[in-house]
Amino acid sequence: MIPSYPLYINGQFKDSVEKQDIIDPSTGEIIARVAIADEKDIGSAISSARLAFDSGSWPRLSLEERRKFLLKISQGILDKAAELAKLETLNTGKPIKESTFMDIPSSAKTFQDIANNFQKYLEEKSPDVSGDAECSLVREPIGVVVLIVPWNYPLLIACWKLAFALAAGNTVILKPSSLTPLTALELAKIIQEAGLPKGVVNIINAKGEELGERLCSDKQVDLISFTGSNEVGRRIIEYSSKNVKKLIMELGGKSASIILSDVDLDVAVNSSLCSIFLNQGQMCTAMSRILVEDDIYDNFLSEFVEKTKRIRLGPGLDFQTQMGPLISSAQRKKVLGFVEKAKKEGATLLCGGRIPQDAELKNGFFFEPTVITDVLASMSIFKEETFGPVAIIQRFSTIDEAIELSNDSDYGLATCIWSKDLKRATDLAGKINAGTAWINTYGMFYNEAPYGGFKQSGFGKELGEAGFLEYTRLKNILTDKSPDSKPLVNYWYGF
Ligand code: NAD
């Protein structure tokens, strides 16, 4: 029997008339049916969150009480870790190793870390002001926040947003991607079991293009935290402008890694493979452009291509699988389109670039890991986000050339620098126009350290103290302490 998932509004599970089929991208089969929120459901989610914020207990709980709830959610995720990992893989196609060892434990850890850290982030040092006045700064929750999540890391990105927004004392409406809502809807059960007051968390599944405007323009919503494409991001900025809201925008990327010639070749190749092929390359921080210094370019390229050809494609649930399918047939078509266009524009395809023909993969949305060279900065594959397993490898001769190639992008999300000379690598990191620079590593996220892009990759931070403070507002309480304590108007009008 195909499982069915309701919406979660005001502490209750709610079914809907309209349902949506959820597909396993490894097989193309239906794995679940999910309720779809209509306009009325969105209205109820917003008003429940509003009521829970304005007159409920959540924003008024002691920090210790809030901490305990967050830890309960973390434990709830850990208790169901194996089940959640399996579900995440079924729904996204990502290799089960990735969901078991990365997505799910990191989701639980996000709640745990913020539970233990947010108290110190709330401490405000009040400034000394001149004259006889006292200034006291207070951090408050913002209110009702809408969290919109993409399909590439469905539970993890939901937890990054949810844990931080809740720790700050906000009430939320979480909208997962309509392609991958299952783990978020399981999380609703964990939240209910943890005993959070009703209305604090509402989780609705809806097609973004159908109900996005209703959700993102409502006067009762105070903040929207969005992770997704630039196209949708721009629309959300428009919707939100109707009633002026604070925004956190985590958008696309076209990141470049820089491999300097003093590096250990094996380490650089293996790490670069991860940096583009993990999660089938469907990562906002994917190092889709790999820039390699002249001296080692030929050796790097041949080892990279040889290892790419050995990557094992297979269904996500198989523990031997190294690369699963793309999320959907539409996504695969898009990626294939980029590769075909690059070939026409004169790039050289070294391996992959096709839909695999193996019988056991034929019903899934698989795509061969692909390596392309001879790419010019004018080609679309150089400029646009591919969001698939396609690596571009380029040669550079001087550091200035590497910097120029890296920064020749509308995006500014991340970079990786590989070198044994840490001083040189750190200097270089300072010159790259990206919000995160990894040196001799890739994809390391810490809940204590901020993450977020520059330029078209968005604005606002996720994680860390800076990411937490995004979900708060700063109030200045200023008290006159002059000895005769005369209100200003007395001086002004002389009454
Ligand atoms: P998307 O923009 O298509 O969808 C993201 C979310 O927005 C989904 O929940 C979707 O249902 C919703 N949505 C769609 N139309 C909407 C509308 N009109 N109003 C409101 N919501 C709407 O993105 P995607 O395809 O799910 O994810 C891939 C994109 O996400 C890539 O561009 C990737 O770079 C980006 N991404 C960025 C980061 C980051 O941290 N910067 C992280 C992960 C993914």
# chains A, B, ... in the order shown; residues from 1 in each chain; ligands from 1
>>> residues_near_ligand(ligand="ligand 1", cutoff="8 Å", atoms="only C-alpha atoms and all ligand atoms", output="JSON, numbers by chain")
{"A": [148, 149, 150, 151, 152, 153, 157, 175, 176, 177, 178, 179, 206, 207, 208, 209, 210, 211, 212, 213, 215, 216, 226, 227, 228, 229, 230, 231, 232, 233, 235, 236, 249, 250, 251, 252, 253, 282, 283, 284, 285, 385, 387, 413, 451, 452, 453, 457, 458, 462]}
>>> select_by_dssp(residues="range 258-464 of chain A", states="strand (DSSP E)", output="VMD selection string")
chain A and resid 258 to 259 289 to 293 348 to 351 370 to 373 390 to 396 411 to 412 414 to 418 436 to 439 454 to 455 458 to 459
>>> closest_residue(among="A:Ala184, A:Ala342, A:Leu84, A:Val244", to="Val221 in chain A", atoms="only C-alpha atoms")
A:Val244
>>> atom_distance(atom1="CA of Ser48 in chain A", atom2="CA of Phe13 in chain A")
13.4 Å
>>> select_by_dssp(residues="range 258-425 of chain A", states="alpha helix (DSSP H)", output="ChimeraX atom specification")
/A:265-277,294-309,329-344,380-383,399-407,422-425
>>> residues_around(residues="Ser126 in chain A", least_positions_apart="2", cutoff="8 Å", atoms="only C-alpha atoms", output="MDAnalysis selection string")
chainID A and resid 124 128 135:137
>>> closest_residue(among="A:Ile73, A:Ala133, A:Met287, A:Ala165", to="Ser275 in chain A", atoms="only C-alpha atoms")
A:Met287
>>> residues_around(residues="Lys334 in chain A", least_positions_apart="4", cutoff="8 Å", atoms="only C-alpha atoms", output="list of chain:residue names")
A:Ala330, A:Phe338, A:Thr386
>>> residues_around(residues="Leu247 in chain A", least_positions_apart="4", cutoff="8 Å", atoms="only C-alpha atoms", output="PyMOL selection string")
chain A and resi 223-226+237+460
>>> write_last_selection(atoms="N, CA, C and O atoms", output="CSV table (one decimal), in the first residue's frame")
chain,number,residue,atom,x,y,z
A,223,LEU,N,9.1,37.4,7.9
A,223,LEU,CA,10.4,37.1,7.3
A,223,LEU,C,10.2,35.9,6.4
A,223,LEU,O,9.4,35.0,6.7
A,224,ILE,N,10.9,35.9,5.3
A,224,ILE,CA,10.9,34.7,4.4
A,224,ILE,C,12.4,34.3,4.3
A,224,ILE,O,13.3,35.1,3.9
A,225,SER,N,12.6,33.1,4.6
A,225,SER,CA,14.0,32.5,4.4
A,225,SER,C,13.9,31.5,3.2
A,225,SER,O,13.2,30.5,3.3
A,226,PHE,N,14.5,31.8,2.1
A,226,PHE,CA,14.3,31.0,0.9
A,226,PHE,C,15.6,30.4,0.4
A,226,PHE,O,16.7,31.1,0.4
A,237,ILE,N,11.1,37.9,-4.0
A,237,ILE,CA,11.4,39.3,-3.7
A,237,ILE,C,10.2,40.2,-4.1
A,237,ILE,O,9.8,41.1,-3.3
A,460,GLY,N,22.1,37.6,3.1
A,460,GLY,CA,21.7,37.0,4.4
A,460,GLY,C,22.5,35.7,4.6
A,460,GLY,O,23.1,35.1,3.7
>>> closest_residue(among="A:Asn205, A:Asn116, A:Ser272, A:Gln12", to="Leu301 in chain A", atoms="only C-alpha atoms")
A:Ser272
>>> atom_distance(atom1="CA of Asp264 in chain A", atom2="CA of Gly352 in chain A")
25.8 Å
>>> decode(residues="range 276-367 of chain A", atoms="C-alpha atoms", output="short mmCIF file (atom, residue, chain, number, x, y, z; two decimals), in the first residue's frame")
data_model
loop_
_atom_site.label_atom_id
_atom_site.label_comp_id
_atom_site.auth_asym_id
_atom_site.auth_seq_id
_atom_site.Cartn_x
_atom_site.Cartn_y
_atom_site.Cartn_z
CA ILE A 276 31.25 18.02 -8.18
CA PHE A 277 29.75 14.52 -8.10
CA LEU A 278 28.35 14.20 -4.56
CA ASN A 279 24.56 14.26 -4.62
CA GLN A 280 24.80 13.87 -8.43
CA GLY A 281 26.26 17.36 -8.63
CA GLN A 282 22.95 18.80 -7.42
CA MET A 283 24.65 21.04 -4.89
CA CYS A 284 24.48 24.82 -4.83
CA THR A 285 28.16 24.80 -3.83
CA ALA A 286 29.16 22.26 -6.51
CA MET A 287 32.64 23.03 -7.84
CA SER A 288 31.44 22.79 -11.40
CA ARG A 289 34.53 24.64 -12.67
CA ILE A 290 37.84 23.08 -11.71
CA LEU A 291 40.84 25.27 -12.50
CA VAL A 292 44.15 23.42 -12.55
CA GLU A 293 47.63 24.95 -12.68
CA ASP A 294 49.61 24.25 -15.86
CA ASP A 295 52.35 21.99 -14.42
CA ILE A 296 49.94 19.34 -13.16
CA TYR A 297 47.05 19.88 -15.57
CA ASP A 298 47.64 16.85 -17.84
CA ASN A 299 48.16 14.41 -14.97
CA PHE A 300 45.20 15.82 -13.05
CA LEU A 301 42.94 15.57 -16.07
CA SER A 302 43.80 12.00 -16.98
CA GLU A 303 43.39 10.77 -13.38
CA PHE A 304 40.14 12.73 -12.96
CA VAL A 305 38.62 11.29 -16.15
CA GLU A 306 39.79 7.76 -15.38
CA LYS A 307 38.21 7.89 -11.90
CA THR A 308 35.02 9.54 -13.17
CA LYS A 309 34.50 6.59 -15.53
CA ARG A 310 34.71 4.24 -12.52
CA ILE A 311 31.93 5.95 -10.53
CA ARG A 312 29.19 3.35 -9.90
CA LEU A 313 25.72 4.49 -10.87
CA GLY A 314 22.81 2.73 -9.24
CA PRO A 315 19.62 3.04 -7.25
CA GLY A 316 20.00 5.24 -4.19
CA LEU A 317 19.11 2.49 -1.72
CA ASP A 318 21.99 0.22 -2.79
CA PHE A 319 24.92 0.75 -0.38
CA GLN A 320 27.35 0.14 -3.27
CA THR A 321 25.93 3.06 -5.28
CA GLN A 322 28.25 6.04 -5.65
CA MET A 323 25.95 8.13 -7.81
CA GLY A 324 22.17 7.96 -7.92
CA PRO A 325 19.70 9.45 -10.41
CA LEU A 326 18.92 13.13 -10.89
CA ILE A 327 15.82 14.36 -9.13
CA SER A 328 13.48 14.29 -12.13
CA SER A 329 13.24 13.72 -15.81
CA ALA A 330 12.94 17.52 -16.29
CA GLN A 331 16.21 18.09 -14.42
CA ARG A 332 17.96 15.45 -16.51
CA LYS A 333 16.70 17.08 -19.70
CA LYS A 334 18.07 20.42 -18.50
CA VAL A 335 21.51 18.95 -17.74
CA LEU A 336 21.64 17.09 -21.04
CA GLY A 337 20.70 20.34 -22.79
CA PHE A 338 23.69 22.13 -21.21
CA VAL A 339 26.07 19.38 -22.32
CA GLU A 340 24.71 19.28 -25.89
CA LYS A 341 24.93 23.06 -26.16
CA ALA A 342 28.51 23.07 -24.85
CA LYS A 343 29.49 20.50 -27.51
CA LYS A 344 27.90 22.62 -30.23
CA GLU A 345 29.73 25.69 -28.95
CA GLY A 346 33.07 23.85 -29.33
CA ALA A 347 33.77 22.33 -25.90
CA THR A 348 35.29 18.83 -25.74
CA LEU A 349 33.43 16.02 -24.00
CA LEU A 350 35.94 13.65 -22.37
CA CYS A 351 33.51 11.23 -20.75
CA GLY A 352 29.85 10.81 -19.82
CA GLY A 353 27.32 13.27 -21.17
CA ARG A 354 24.71 10.60 -21.88
CA ILE A 355 21.75 8.83 -20.38
CA PRO A 356 23.04 5.37 -19.40
CA GLN A 357 21.52 2.51 -21.35
CA ASP A 358 21.82 -0.27 -18.71
CA ALA A 359 18.57 -2.19 -18.28
CA GLU A 360 18.48 -1.77 -14.49
CA LEU A 361 18.75 2.02 -14.75
CA LYS A 362 16.33 2.58 -17.59
CA ASN A 363 13.30 3.69 -15.54
CA GLY A 364 15.23 6.11 -13.33
CA PHE A 365 16.51 9.59 -14.17
CA PHE A 366 20.19 8.64 -14.36
CA PHE A 367 22.86 10.64 -16.13
#
